[in-house]
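Engineer: My structure file run_10.txt, compact mmCIF, C-alpha atoms, is below:
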```
# COMPACT_ATOMS: atom_id res chain seq x y z
CA MET H 26 0.00 0.00 0.00
CA ILE H 27 1.02 3.61 -0.47
CA THR H 28 1.59 5.35 2.85
CA ALA H 29 1.25 9.02 3.62
CA GLU H 30 1.08 11.51 6.46
CA GLN H 31 -0.92 14.67 6.79
CA LYS H 32 0.92 17.93 6.21
CA PRO H 33 1.03 20.41 9.10
CA ILE H 34 -2.26 22.31 9.38
CA ASP H 35 -0.46 25.66 9.02
CA GLU H 36 0.96 24.60 5.67
CA ILE H 37 -2.46 23.42 4.49
CA ARG H 38 -4.11 26.64 5.64
CA GLY H 39 -1.52 28.68 3.77
CA MET H 40 -2.25 26.79 0.54
CA ILE H 41 -6.04 27.05 0.77
CA ALA H 42 -6.02 30.70 1.88
CA PRO H 43 -6.94 32.22 -1.53
CA TYR H 44 -10.04 30.03 -1.94
CA LYS H 45 -13.58 30.44 -0.66
CA ARG H 46 -15.33 27.19 -1.56
CA ILE H 47 -13.19 24.19 -0.83
CA LEU H 48 -13.87 20.48 -1.25
CA VAL H 49 -11.84 18.38 1.19
CA LEU H 50 -11.53 15.12 -0.71
CA GLY H 51 -10.62 11.87 1.02
CA CYS H 52 -9.58 8.56 -0.51
CA ALA H 53 -10.86 5.31 1.00
CA SER H 54 -8.01 3.09 -0.23
CA CYS H 55 -4.32 3.07 0.79
CA VAL H 56 -4.34 6.36 2.69
CA ALA H 57 -7.37 5.19 4.67
CA GLU H 58 -5.48 2.05 5.70
CA CYS H 59 -2.58 4.17 6.95
CA ALA H 60 -4.99 6.53 8.76
CA ALA H 61 -3.94 9.61 6.80
CA GLY H 62 -6.64 10.34 4.25
CA GLY H 63 -9.69 8.10 4.73
CA GLU H 64 -13.21 9.21 5.55
CA LYS H 65 -12.41 9.75 9.22
CA GLU H 66 -9.25 11.78 8.65
CA THR H 67 -11.04 13.81 5.98
CA ALA H 68 -13.83 14.63 8.43
CA MET H 69 -11.28 15.61 11.08
CA LEU H 70 -9.33 17.89 8.79
CA ALA H 71 -12.45 19.53 7.36
CA SER H 72 -13.78 20.06 10.86
CA ALA H 73 -10.51 21.60 12.06
CA LEU H 74 -10.31 23.89 9.01
CA ARG H 75 -13.90 25.08 9.47
CA MET H 76 -13.24 25.89 13.12
CA ALA H 77 -10.03 27.70 12.23
CA ALA H 78 -11.81 29.75 9.58
CA ARG H 79 -14.62 30.62 11.97
CA MET H 80 -12.19 31.80 14.63
CA GLU H 81 -10.62 34.15 12.11
CA LYS H 82 -14.05 35.25 10.85
CA GLN H 83 -13.29 34.09 7.34
CA GLU H 84 -16.21 33.52 5.01
CA VAL H 85 -15.24 30.12 3.66
CA GLU H 86 -17.31 27.10 2.71
CA ILE H 87 -15.51 23.86 3.43
CA GLU H 88 -17.23 20.61 2.58
CA GLU H 89 -15.97 17.06 2.68
CA LYS H 90 -16.36 13.95 0.59
CA THR H 91 -14.50 10.67 0.32
CA ILE H 92 -14.36 8.56 -2.80
CA ASP H 93 -13.22 4.94 -3.03
CA ARG H 94 -10.06 5.72 -5.01
CA GLN H 95 -8.65 9.01 -6.16
CA CYS H 96 -6.28 7.30 -8.59
CA VAL H 97 -8.98 5.62 -10.71
CA ASN H 98 -11.05 7.63 -13.16
CA GLU H 99 -14.18 5.55 -12.66
CA PHE H 100 -14.36 6.83 -9.08
CA ILE H 101 -13.23 10.38 -9.83
CA VAL H 102 -16.06 10.92 -12.31
CA LEU H 103 -18.46 10.58 -9.40
CA LEU H 104 -17.44 14.16 -8.54
CA ASP H 105 -18.78 15.43 -11.87
CA ASP H 106 -22.13 16.50 -10.45
CA ILE H 107 -20.78 18.47 -7.51
CA ILE H 108 -17.42 19.81 -8.58
CA ASP H 109 -18.66 23.09 -10.08
CA LYS H 110 -19.59 24.33 -6.61
CA TYR H 111 -15.94 24.55 -5.56
CA ASP H 112 -13.06 26.80 -6.43
CA ALA H 113 -10.41 24.44 -5.00
CA ILE H 114 -9.97 20.80 -4.04
CA LEU H 115 -7.92 19.87 -1.00
CA SER H 116 -6.99 16.26 -1.64
CA LEU H 117 -6.11 13.70 1.00
CA GLY H 118 -5.06 11.27 -1.71
CA CYS H 119 -1.52 10.12 -2.36
CA GLY H 120 0.49 11.94 -5.01
CA ALA H 121 -1.00 9.71 -7.69
CA GLY H 122 -4.53 10.47 -6.52
CA VAL H 123 -3.93 14.22 -6.36
CA GLN H 124 -2.66 14.20 -9.93
CA ALA H 125 -5.42 11.95 -11.27
CA VAL H 126 -8.10 14.23 -9.80
CA GLY H 127 -6.22 17.27 -11.12
CA ASP H 128 -6.05 15.74 -14.59
CA MET H 129 -9.80 15.08 -14.55
CA PHE H 130 -10.67 18.63 -13.45
CA PRO H 131 -7.81 20.76 -14.78
CA GLU H 132 -9.77 24.00 -14.38
CA ILE H 133 -9.91 23.65 -10.57
CA PRO H 134 -6.78 24.10 -8.43
CA ILE H 135 -5.91 20.93 -6.52
CA ILE H 136 -3.95 21.12 -3.29
CA PRO H 137 -2.24 18.18 -1.56
CA ALA H 138 -3.05 17.75 2.13
CA LEU H 139 -0.69 14.78 2.55
CA ASN H 140 2.95 14.01 2.10
CA THR H 141 3.15 10.68 0.28
CA GLU H 142 5.79 8.52 1.90
CA PHE H 143 6.49 4.97 0.74
CA LEU H 144 5.22 1.54 -0.33
CA GLY H 145 4.68 -0.17 2.94
CA GLU H 146 3.14 -2.78 5.12
CA THR H 147 0.87 -2.36 8.15
CA LYS H 148 3.16 -4.05 10.66
CA SER H 149 0.84 -3.58 13.61
CA GLN H 150 -1.81 -1.07 14.66
CA GLY H 151 -0.39 2.38 14.06
CA LEU H 152 2.90 1.12 12.61
CA TRP H 153 3.71 1.17 8.91
CA VAL H 154 7.07 0.13 7.52
CA GLU H 155 8.70 0.53 4.14
CA ASN H 156 9.47 -2.75 2.44
CA CYS H 157 9.36 -2.16 -1.30
CA LEU H 158 11.06 0.45 -3.47
CA GLY H 159 9.09 -0.44 -6.59
CA CYS H 160 12.34 -1.07 -8.47
CA GLY H 161 10.67 -2.75 -11.44
CA ASP H 162 12.75 -5.94 -11.24
CA CYS H 163 11.72 -7.92 -8.17
CA MET H 164 14.44 -10.13 -6.69
CA LEU H 165 12.60 -11.34 -3.60
CA TYR H 166 12.94 -14.95 -4.78
CA TYR H 167 16.72 -14.82 -4.38
CA PHE H 168 16.54 -13.24 -0.95
CA GLY H 169 13.93 -15.44 0.70
CA GLY H 170 11.16 -12.85 0.44
CA VAL H 171 13.07 -10.06 2.20
CA CYS H 172 14.15 -7.12 0.05
CA PRO H 173 17.68 -5.94 0.83
CA LEU H 174 17.13 -2.77 -1.19
CA ALA H 175 14.19 -1.65 0.91
CA ARG H 176 15.11 -3.15 4.26
CA CYS H 177 18.90 -3.14 4.52
CA SER H 178 20.20 0.29 5.55
CA LYS H 179 23.18 -0.19 3.24
CA GLN H 180 21.09 -1.69 0.40
CA LEU H 181 23.56 -4.54 0.07
CA PHE H 182 22.90 -7.19 -2.58
CA ASN H 183 25.79 -9.28 -1.34
CA GLY H 184 25.52 -9.07 2.41
CA PRO H 185 25.67 -9.28 5.29
CA CYS H 186 27.93 -6.37 6.11
CA GLY H 187 29.06 -7.98 9.35
CA GLY H 188 27.99 -5.11 11.57
CA SER H 189 24.69 -6.39 12.93
CA VAL H 190 24.38 -7.26 16.61
CA ASN H 191 21.78 -9.71 17.88
CA GLY H 192 19.96 -9.52 14.60
CA LYS H 193 19.69 -5.73 14.70
CA CYS H 194 21.09 -3.23 12.22
CA GLU H 195 24.26 -1.40 13.27
CA ILE H 196 22.97 1.83 11.71
CA ASN H 197 19.60 1.72 13.40
CA PRO H 198 19.27 -0.76 16.26
CA ASP H 199 15.47 -0.47 16.08
CA LEU H 200 15.65 -2.16 12.71
CA ASP H 201 15.93 -5.90 12.15
CA CYS H 202 19.02 -6.69 10.09
CA ALA H 203 17.60 -7.54 6.66
CA TRP H 204 20.48 -9.91 5.97
CA GLN H 205 19.89 -11.78 9.20
CA LEU H 206 16.28 -12.23 8.07
CA ILE H 207 17.36 -13.28 4.58
CA ILE H 208 19.75 -15.91 5.89
CA ASP H 209 17.24 -17.19 8.47
CA ARG H 210 14.52 -17.51 5.83
CA LEU H 211 16.71 -19.15 3.21
CA SER H 212 18.02 -21.59 5.85
CA THR H 213 14.43 -22.52 6.72
CA PHE H 214 13.72 -23.29 3.07
CA GLY H 215 17.06 -25.10 2.67
CA ALA H 216 17.91 -22.58 -0.04
CA LEU H 217 21.04 -20.88 1.26
CA ASP H 218 22.79 -21.85 -1.98
CA ARG H 219 20.96 -18.95 -3.65
CA LEU H 220 23.46 -16.71 -1.92
CA GLU H 221 26.42 -18.41 -3.58
CA GLU H 222 25.80 -16.25 -6.60
CA VAL H 223 27.33 -12.78 -6.62
CA TYR H 224 24.59 -10.36 -7.55
CA PRO H 225 25.57 -7.44 -9.78
CA PRO H 226 24.64 -3.89 -8.84
CA LYS H 227 20.98 -3.01 -9.27
CA ASP H 228 19.88 -2.03 -12.74
CA TRP H 229 18.04 1.17 -11.90
CA SER H 230 17.08 1.77 -15.53
CA LYS H 231 14.00 -0.33 -14.83
CA LYS H 232 12.91 2.08 -12.13
CA GLN H 233 13.19 5.52 -13.67
CA GLY H 234 15.75 5.16 -16.40
CA SER H 235 13.35 6.28 -19.10
CA GLY H 236 11.36 8.84 -17.19
CA PRO H 237 7.93 8.16 -15.70
CA ARG H 238 7.00 4.50 -15.98
CA LYS H 239 3.92 3.13 -17.64
CA ILE H 240 2.29 -0.29 -17.75
CA ILE H 241 0.30 -1.18 -20.83
CA ARG H 242 -1.93 -4.26 -20.80
CA GLU H 243 -3.80 -4.59 -24.02
CA ASP H 244 -6.03 -7.35 -22.69
CA GLN H 245 -7.32 -4.88 -20.11
CA GLN H 246 -7.94 -2.12 -22.58
CA ARG H 247 -11.03 -1.40 -24.62
CA MET S 19 -18.25 34.41 35.77
CA ILE S 20 -19.95 32.53 32.97
CA THR S 21 -22.18 29.82 34.36
CA GLU S 22 -22.57 26.31 33.11
CA GLN S 23 -26.00 27.28 31.79
CA GLN S 24 -24.34 29.38 29.09
CA LEU S 25 -21.90 26.72 27.97
CA THR S 26 -22.48 23.40 26.29
CA LEU S 27 -20.51 20.34 27.24
CA ALA S 28 -20.27 17.23 25.07
CA LEU S 29 -19.63 14.44 27.51
CA PHE S 30 -18.65 11.01 26.28
CA TYR S 31 -18.41 8.34 28.94
CA CYS S 32 -17.71 4.68 29.34
CA GLN S 33 -20.87 2.90 30.44
CA ASN S 34 -18.93 1.31 33.27
CA VAL S 35 -18.51 4.65 35.03
CA PRO S 36 -20.36 4.46 38.40
CA LYS S 37 -23.99 5.61 38.29
CA SER S 38 -24.07 6.21 34.58
CA GLY S 39 -27.17 4.20 33.71
CA GLU S 40 -30.13 5.45 31.74
CA GLU S 41 -31.88 6.98 34.77
CA ASP S 42 -28.74 8.81 35.83
CA ARG S 43 -28.31 10.14 32.33
CA GLN S 44 -31.87 11.42 32.21
CA ALA S 45 -31.53 13.05 35.62
CA LEU S 46 -28.37 14.84 34.50
CA GLU S 47 -30.03 16.03 31.32
CA GLU S 48 -32.95 17.35 33.31
CA GLU S 49 -30.62 19.21 35.64
CA PHE S 50 -28.44 20.80 32.95
CA GLY S 51 -30.88 21.02 30.06
CA LYS S 52 -29.29 22.00 26.76
CA SER S 53 -25.96 22.65 28.44
CA ILE S 54 -25.06 18.99 28.38
CA ARG S 55 -25.05 16.42 25.61
CA LEU S 56 -24.32 12.94 26.88
CA PHE S 57 -22.82 10.16 24.78
CA PRO S 58 -22.61 6.80 26.56
CA ILE S 59 -20.20 4.43 24.81
CA PRO S 60 -19.48 0.78 25.62
CA CYS S 61 -15.79 1.51 26.17
CA SER S 62 -13.76 4.73 26.10
CA GLY S 63 -11.53 3.00 23.53
CA ARG S 64 -14.35 3.57 21.04
CA LEU S 65 -13.70 7.31 21.19
CA ASP S 66 -12.00 8.86 18.22
CA PRO S 67 -10.69 12.41 17.75
CA VAL S 68 -13.34 12.92 15.06
CA HIS S 69 -16.06 12.61 17.74
CA LEU S 70 -14.55 15.33 19.88
CA LEU S 71 -13.80 17.59 16.91
CA LYS S 72 -17.29 17.30 15.43
CA ALA S 73 -18.81 18.11 18.81
CA LEU S 74 -16.56 21.14 19.20
CA GLU S 75 -17.31 22.29 15.69
CA ARG S 76 -21.07 21.89 15.85
CA PHE S 77 -22.31 22.66 19.33
CA ALA S 78 -19.90 22.16 22.22
CA ASP S 79 -17.76 24.66 24.09
CA ALA S 80 -15.86 21.68 25.48
CA ALA S 81 -15.77 17.94 24.78
CA PHE S 82 -14.66 15.45 27.39
CA ILE S 83 -14.43 11.71 27.88
CA ILE S 84 -14.72 9.88 31.19
CA THR S 85 -12.92 6.55 31.38
CA CYS S 86 -12.54 3.71 33.85
CA PRO S 87 -9.61 3.85 36.28
CA GLU S 88 -6.15 2.86 35.03
CA GLY S 89 -5.88 -0.91 34.87
CA ALA S 90 -9.62 -1.37 35.27
CA CYS S 91 -10.78 -1.26 31.66
CA ARG S 92 -13.04 -4.21 30.94
CA TYR S 93 -11.44 -4.38 27.50
CA PHE S 94 -7.92 -4.02 28.93
CA GLU S 95 -6.66 -0.97 27.07
CA GLY S 96 -9.65 1.18 26.10
CA ASN S 97 -8.75 3.97 28.51
CA HIS S 98 -5.13 4.04 27.31
CA ARG S 99 -6.34 4.47 23.78
CA ALA S 100 -8.79 7.18 24.80
CA LYS S 101 -5.92 9.04 26.45
CA LYS S 102 -3.86 9.01 23.25
CA ARG S 103 -6.83 10.11 21.17
CA VAL S 104 -7.57 13.03 23.46
CA GLU S 105 -3.90 14.03 23.18
CA ARG S 106 -4.18 13.94 19.40
CA THR S 107 -7.33 16.07 19.54
CA LYS S 108 -5.61 18.59 21.79
CA LYS S 109 -2.74 18.84 19.32
CA ILE S 110 -5.17 19.58 16.48
CA LEU S 111 -6.96 22.22 18.56
CA SER S 112 -3.67 23.80 19.43
CA ASP S 113 -2.65 23.78 15.73
CA ILE S 114 -5.74 25.79 14.80
CA GLY S 115 -5.38 28.19 17.73
CA LEU S 116 -8.20 26.88 19.93
CA GLU S 117 -7.49 26.21 23.61
CA PRO S 118 -6.52 22.51 23.85
CA GLU S 119 -8.18 22.42 27.27
CA ARG S 120 -11.53 22.38 25.49
CA ALA S 121 -10.93 18.67 24.95
CA GLY S 122 -10.22 16.58 27.99
CA ILE S 123 -10.16 13.23 29.67
CA ILE S 124 -11.19 12.32 33.18
CA ILE S 125 -9.74 9.01 34.30
CA GLY S 126 -11.80 7.45 37.06
CA SER S 127 -10.25 6.70 40.40
CA LYS S 128 -10.22 3.22 41.91
CA GLU S 129 -9.75 4.56 45.42
CA ALA S 130 -12.35 7.33 45.31
CA PRO S 131 -14.81 6.54 42.53
CA LYS S 132 -17.06 9.38 41.45
CA THR S 133 -20.41 9.23 39.73
CA LEU S 134 -21.18 10.59 36.29
CA ALA S 135 -23.04 13.55 37.82
CA GLU S 136 -20.18 14.44 40.17
CA ILE S 137 -17.65 14.37 37.37
CA ALA S 138 -19.90 16.37 35.03
CA LYS S 139 -20.16 19.13 37.64
CA GLU S 140 -16.40 19.18 38.10
CA ILE S 141 -15.89 19.53 34.35
CA PHE S 142 -18.38 22.40 34.18
CA LYS S 143 -16.47 24.15 36.92
CA LYS S 144 -13.26 23.70 34.94
CA ILE S 145 -14.62 24.91 31.62
CA SER S 146 -16.51 27.87 33.03
CA GLN S 147 -13.14 29.66 33.28
CA MET S 148 -12.70 29.43 29.51
CA GLY S 149 -15.99 30.93 28.39
CA PRO S 150 -17.79 30.30 25.10
CA SER S 151 -15.82 28.70 22.31
CA PRO S 152 -14.75 31.05 19.50
CA ALA S 153 -14.89 28.07 17.14
CA LEU S 154 -18.68 27.82 17.34
CA LYS S 155 -20.97 29.60 14.93
CA GLN S 156 -22.26 32.71 16.68
CA GLY S 157 -25.99 33.30 17.00
```
Written as structure tokens, how would this file's structure read?

Structural biologist:
Amino acid sequence: MITAEQKPIDEIRGMIAPYKRILVLGCASCVAECAAGGEKETAMLASALRMAARMEKQEVEIEEKTIDRQCVNEFIVLLDDIIDKYDAILSLGCGAGVQAVGDMFPEIPIIPALNTEFLGETKSQGLWVENCLGCGDCMLYYFGGVCPLARCSKQLFNGPCGGSVNGKCEINPDLDCAWQLIIDRLSTFGALDRLEEVYPPKDWSKKQGSGPRKIIREDQQR
Amino acid sequence: MITEQQLTLALFYCQNVPKSGEEDRQALEEEFGKSIRLFPIPCSGRLDPVHLLKALERFADAAFIITCPEGACRYFEGNHRAKKRVERTKKILSDIGLEPERAGIIIGSKEAPKTLAEIAKEIFKKISQMGPSPALKQG
């Protein structure tokens, strides 16, 4: 899932200051799971902004709505009937959602309320951790399902570095040593021999070597 | 001094707070009239900042939650969660320039348990110092 955190309220208020009719737009997918931009967080932010405006005697209309996904046109078009009422959209979507909504309604300014962070996992309640860099060439098979790019502080493909203590990273002792995990997992599967190969440096051209990436699936297209 | 009759309190409370049954609730509402809006919840862990914020935005000069004593939550950690959520609400209020004291938590005492009515009166006394909320629509 894509994780995000809300921007400071002051920053948000600065960005919405020129506008009088604002739609606070939540997204019920990834950012709801990470408690940053779902229906509840959208209601909280809208409520806080309305109170702030009232205290400063500003004549502003702030309304809220949450759609299932801000990054999918089929859900964004549901705003068609209401969007003309607003002179700005404050989006609690991830960066992809903000841009998709902006592309659909290019005549209305769209403002991000979140800072999009990383591809992560909900480790436990209230804890999200980064475990995928979206490199475009997944090598989890070789590393027992633990990504050394995302989870090793040194991003070593041919680890371990030798610095970990009691299974913890020497750079950040709060972090499990990814290479300890890799070796433990591969030992469990009886597949330690996968580490006998020397892996070449990552080919980053598959990530952003040719500019923004695109996936085309003709079987999914009209 | 502004009296409790001029202020509105949104009071959320765990239904395990002493003397917080239906009759007690009705008696309190009769005594305070429109100045109190009572929200019994099965556990204070059900409380979310959005509840306090919506109350403060729409009608309340202050919004409080009453929880069971530390270590006495029937669901083990409801009151710990409520505490964190009130802290989060206070932070949001502070960020928008509203007194964070308008949101609060009263953690019950094991040694000297108080009833819902007693606690409500104590909260009114506390909030009467603050006066009407500037975040509410006037008139």

Engineer: Quick check: residues of chain H within 6 Å of chain S, only C-alpha atoms, returned as a PDB file with C-alpha atoms, in the frame of the given file.

Structural biologist:
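iface35.pdb written:
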```
ATOM      1  CA  MET H  69     -11.280  15.610  11.080  1.00  0.00           C
ATOM      2  CA  MET H  76     -13.240  25.890  13.120  1.00  0.00           C
ATOM      3  CA  ALA H  77     -10.030  27.700  12.230  1.00  0.00           C
ATOM      4  CA  ARG H  79     -14.620  30.620  11.970  1.00  0.00           C
ATOM      5  CA  MET H  80     -12.190  31.800  14.630  1.00  0.00           C
TER       6      MET H  80
END
```

Engineer: Which neighbours of Glu136 (chain S) fall inside 12 Å, counting all atoms listed in the file, when residues of the same chain fewer than 3 positions from it are skipped, and could you give them as number ranges by chain?

Structural biologist: S: 35-38, 42, 46, 84, 124, 126, 130-133, 139-143

Engineer: Report, in Å with one decimal, the straight-line distance from CA of Cys194 (chain H) to CA of Asn156 (chain H).

Structural biologist: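 Atom-to-atom, CA of Cys194 (chain H) to CA of Asn156 (chain H), that is 15.2 Å.
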
Engineer: Give as a ChimeraX atom specification each residue that has an atom at most 9 Å from (-8.9, 2.3, 33.2) in the file, counting all atoms listed in the file.

Structural biologist: /S:62,85-92,94-98,125-128

Engineer: Emit the selected residues as a PDB file, in the frame of the given file, including C-alpha atoms.

Structural biologist:
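So selection-v1.pdb came out as:
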```pdb
ATOM      1  CA  SER S  62     -13.760   4.730  26.100  1.00  0.00           C
ATOM      2  CA  THR S  85     -12.920   6.550  31.380  1.00  0.00           C
ATOM      3  CA  CYS S  86     -12.540   3.710  33.850  1.00  0.00           C
ATOM      4  CA  PRO S  87      -9.610   3.850  36.280  1.00  0.00           C
ATOM      5  CA  GLU S  88      -6.150   2.860  35.030  1.00  0.00           C
ATOM      6  CA  GLY S  89      -5.880  -0.910  34.870  1.00  0.00           C
ATOM      7  CA  ALA S  90      -9.620  -1.370  35.270  1.00  0.00           C
ATOM      8  CA  CYS S  91     -10.780  -1.260  31.660  1.00  0.00           C
ATOM      9  CA  ARG S  92     -13.040  -4.210  30.940  1.00  0.00           C
ATOM     10  CA  PHE S  94      -7.920  -4.020  28.930  1.00  0.00           C
ATOM     11  CA  GLU S  95      -6.660  -0.970  27.070  1.00  0.00           C
ATOM     12  CA  GLY S  96      -9.650   1.180  26.100  1.00  0.00           C
ATOM     13  CA  ASN S  97      -8.750   3.970  28.510  1.00  0.00           C
ATOM     14  CA  HIS S  98      -5.130   4.040  27.310  1.00  0.00           C
ATOM     15  CA  ILE S 125      -9.740   9.010  34.300  1.00  0.00           C
ATOM     16  CA  GLY S 126     -11.800   7.450  37.060  1.00  0.00           C
ATOM     17  CA  SER S 127     -10.250   6.700  40.400  1.00  0.00           C
ATOM     18  CA  LYS S 128     -10.220   3.220  41.910  1.00  0.00           C
TER      19      LYS S 128
END
```

Engineer: When you count all atoms listed in the file, which of these residues is closest to Gln24 (chain S): S:Ala81, S:Ile123, S:Leu65, S:Ile54?

Structural biologist: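 The answer is S:Ile54, which sits nearest to Gln24 (chain S).
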
Engineer: Neighbourhood query: residues within 12 Å of (0.0, 26.2, 9.6), file coordinates, counting only C-alpha atoms; return as a ChimeraX atom specification.

Structural biologist: /H:31-42,73-74,77,138 /S:110,112-115

Engineer: Skipping near chain neighbours, those fewer than 5 positions away, what residues fall within 7 Å of region 170-174 of chain H using only C-alpha atoms, listed as a PyMOL selection string?

Structural biologist: chain H and resi 156+165+180-182+203+207

Engineer: Residues near Leu25 (chain S), anyone? I mean within 10 Å using only C-alpha atoms, not counting same-chain ones fewer than 5 positions away, as a CSV table (one decimal) with C-alpha atoms, in the frame of the given file.

Structural biologist:
```csv
chain,number,residue,atom,x,y,z
S,20,ILE,CA,-20.0,32.5,33.0
S,52,LYS,CA,-29.3,22.0,26.8
S,53,SER,CA,-26.0,22.6,28.4
S,54,ILE,CA,-25.1,19.0,28.4
S,77,PHE,CA,-22.3,22.7,19.3
S,78,ALA,CA,-19.9,22.2,22.2
S,79,ASP,CA,-17.8,24.7,24.1
S,80,ALA,CA,-15.9,21.7,25.5
S,142,PHE,CA,-18.4,22.4,34.2
S,145,ILE,CA,-14.6,24.9,31.6
S,146,SER,CA,-16.5,27.9,33.0
S,148,MET,CA,-12.7,29.4,29.5
S,149,GLY,CA,-16.0,30.9,28.4
S,150,PRO,CA,-17.8,30.3,25.1
S,151,SER,CA,-15.8,28.7,22.3
```

Engineer: With distances taken over all atoms listed in the file, which residue among H:Leu139, H:Ile27, H:Leu158, H:Ile92 lies nearest Leu104 (chain H)?

Structural biologist: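 With all atoms listed in the file as the atom set, the closest residue is H:Ile92.
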
Engineer: Quick one: pull the distance between CA of Gln83 (chain H) and CA of Ile135 (chain H), Å, one decimal.

Structural biologist: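 Those two atoms sit 20.5 Å apart.
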
Engineer: Which one of S:Pro118, S:Arg106, S:Phe30, S:Glu40 sits closest to Leu56 (chain S) if you count only C-alpha atoms?

Structural biologist: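 Among the listed residues, the smallest separation from Leu56 (chain S) belongs to S:Phe30.
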
Engineer: What does the distance between CA of Lys179 (chain H) and CA of Val56 (chain H) come to in Å, to one decimal place?

Structural biologist: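 Between these atoms lies a distance of 28.3 Å.
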
Engineer: If I only have part of region 105-120 of chain S, can you fill in N, CA and C atoms and write it as a CSV table (one decimal), keeping the file's coordinate frame?

Structural biologist:
```csv
chain,number,residue,atom,x,y,z
S,105,GLU,N,-5.2,13.3,23.4
S,105,GLU,CA,-3.9,14.0,23.2
S,105,GLU,C,-3.8,14.5,21.7
S,106,ARG,N,-4.2,13.6,20.8
S,106,ARG,CA,-4.2,13.9,19.4
S,106,ARG,C,-5.2,15.1,19.1
S,107,THR,N,-6.3,15.0,19.7
S,107,THR,CA,-7.3,16.1,19.5
S,107,THR,C,-6.8,17.4,20.1
S,108,LYS,N,-6.2,17.4,21.2
S,108,LYS,CA,-5.6,18.6,21.8
S,108,LYS,C,-4.6,19.2,20.9
S,109,LYS,N,-3.8,18.4,20.2
S,109,LYS,CA,-2.7,18.8,19.3
S,109,LYS,C,-3.4,19.6,18.1
S,110,ILE,N,-4.5,19.0,17.6
S,110,ILE,CA,-5.2,19.6,16.5
S,110,ILE,C,-5.8,20.9,16.9
S,111,LEU,N,-6.4,21.0,18.1
S,111,LEU,CA,-7.0,22.2,18.6
S,111,LEU,C,-5.9,23.3,18.7
S,112,SER,N,-4.8,22.9,19.3
S,112,SER,CA,-3.7,23.8,19.4
S,112,SER,C,-3.2,24.3,18.1
S,113,ASP,N,-3.1,23.4,17.1
S,113,ASP,CA,-2.6,23.8,15.7
S,113,ASP,C,-3.5,24.8,15.1
S,114,ILE,N,-4.8,24.8,15.4
S,114,ILE,CA,-5.7,25.8,14.8
S,114,ILE,C,-6.0,27.0,15.7
S,115,GLY,N,-5.3,27.0,16.8
S,115,GLY,CA,-5.4,28.2,17.7
S,115,GLY,C,-6.5,28.2,18.7
S,116,LEU,N,-7.1,27.0,18.9
S,116,LEU,CA,-8.2,26.9,19.9
S,116,LEU,C,-7.6,26.3,21.2
S,117,GLU,N,-8.1,26.7,22.4
S,117,GLU,CA,-7.5,26.2,23.6
S,117,GLU,C,-7.6,24.7,23.7
S,118,PRO,N,-6.5,24.0,23.8
S,118,PRO,CA,-6.5,22.5,23.8
S,118,PRO,C,-7.3,22.0,25.0
S,119,GLU,N,-7.5,22.8,26.1
S,119,GLU,CA,-8.2,22.4,27.3
S,119,GLU,C,-9.7,22.2,27.0
S,120,ARG,N,-10.1,22.6,25.8
S,120,ARG,CA,-11.5,22.4,25.5
S,120,ARG,C,-11.8,20.9,25.2
```
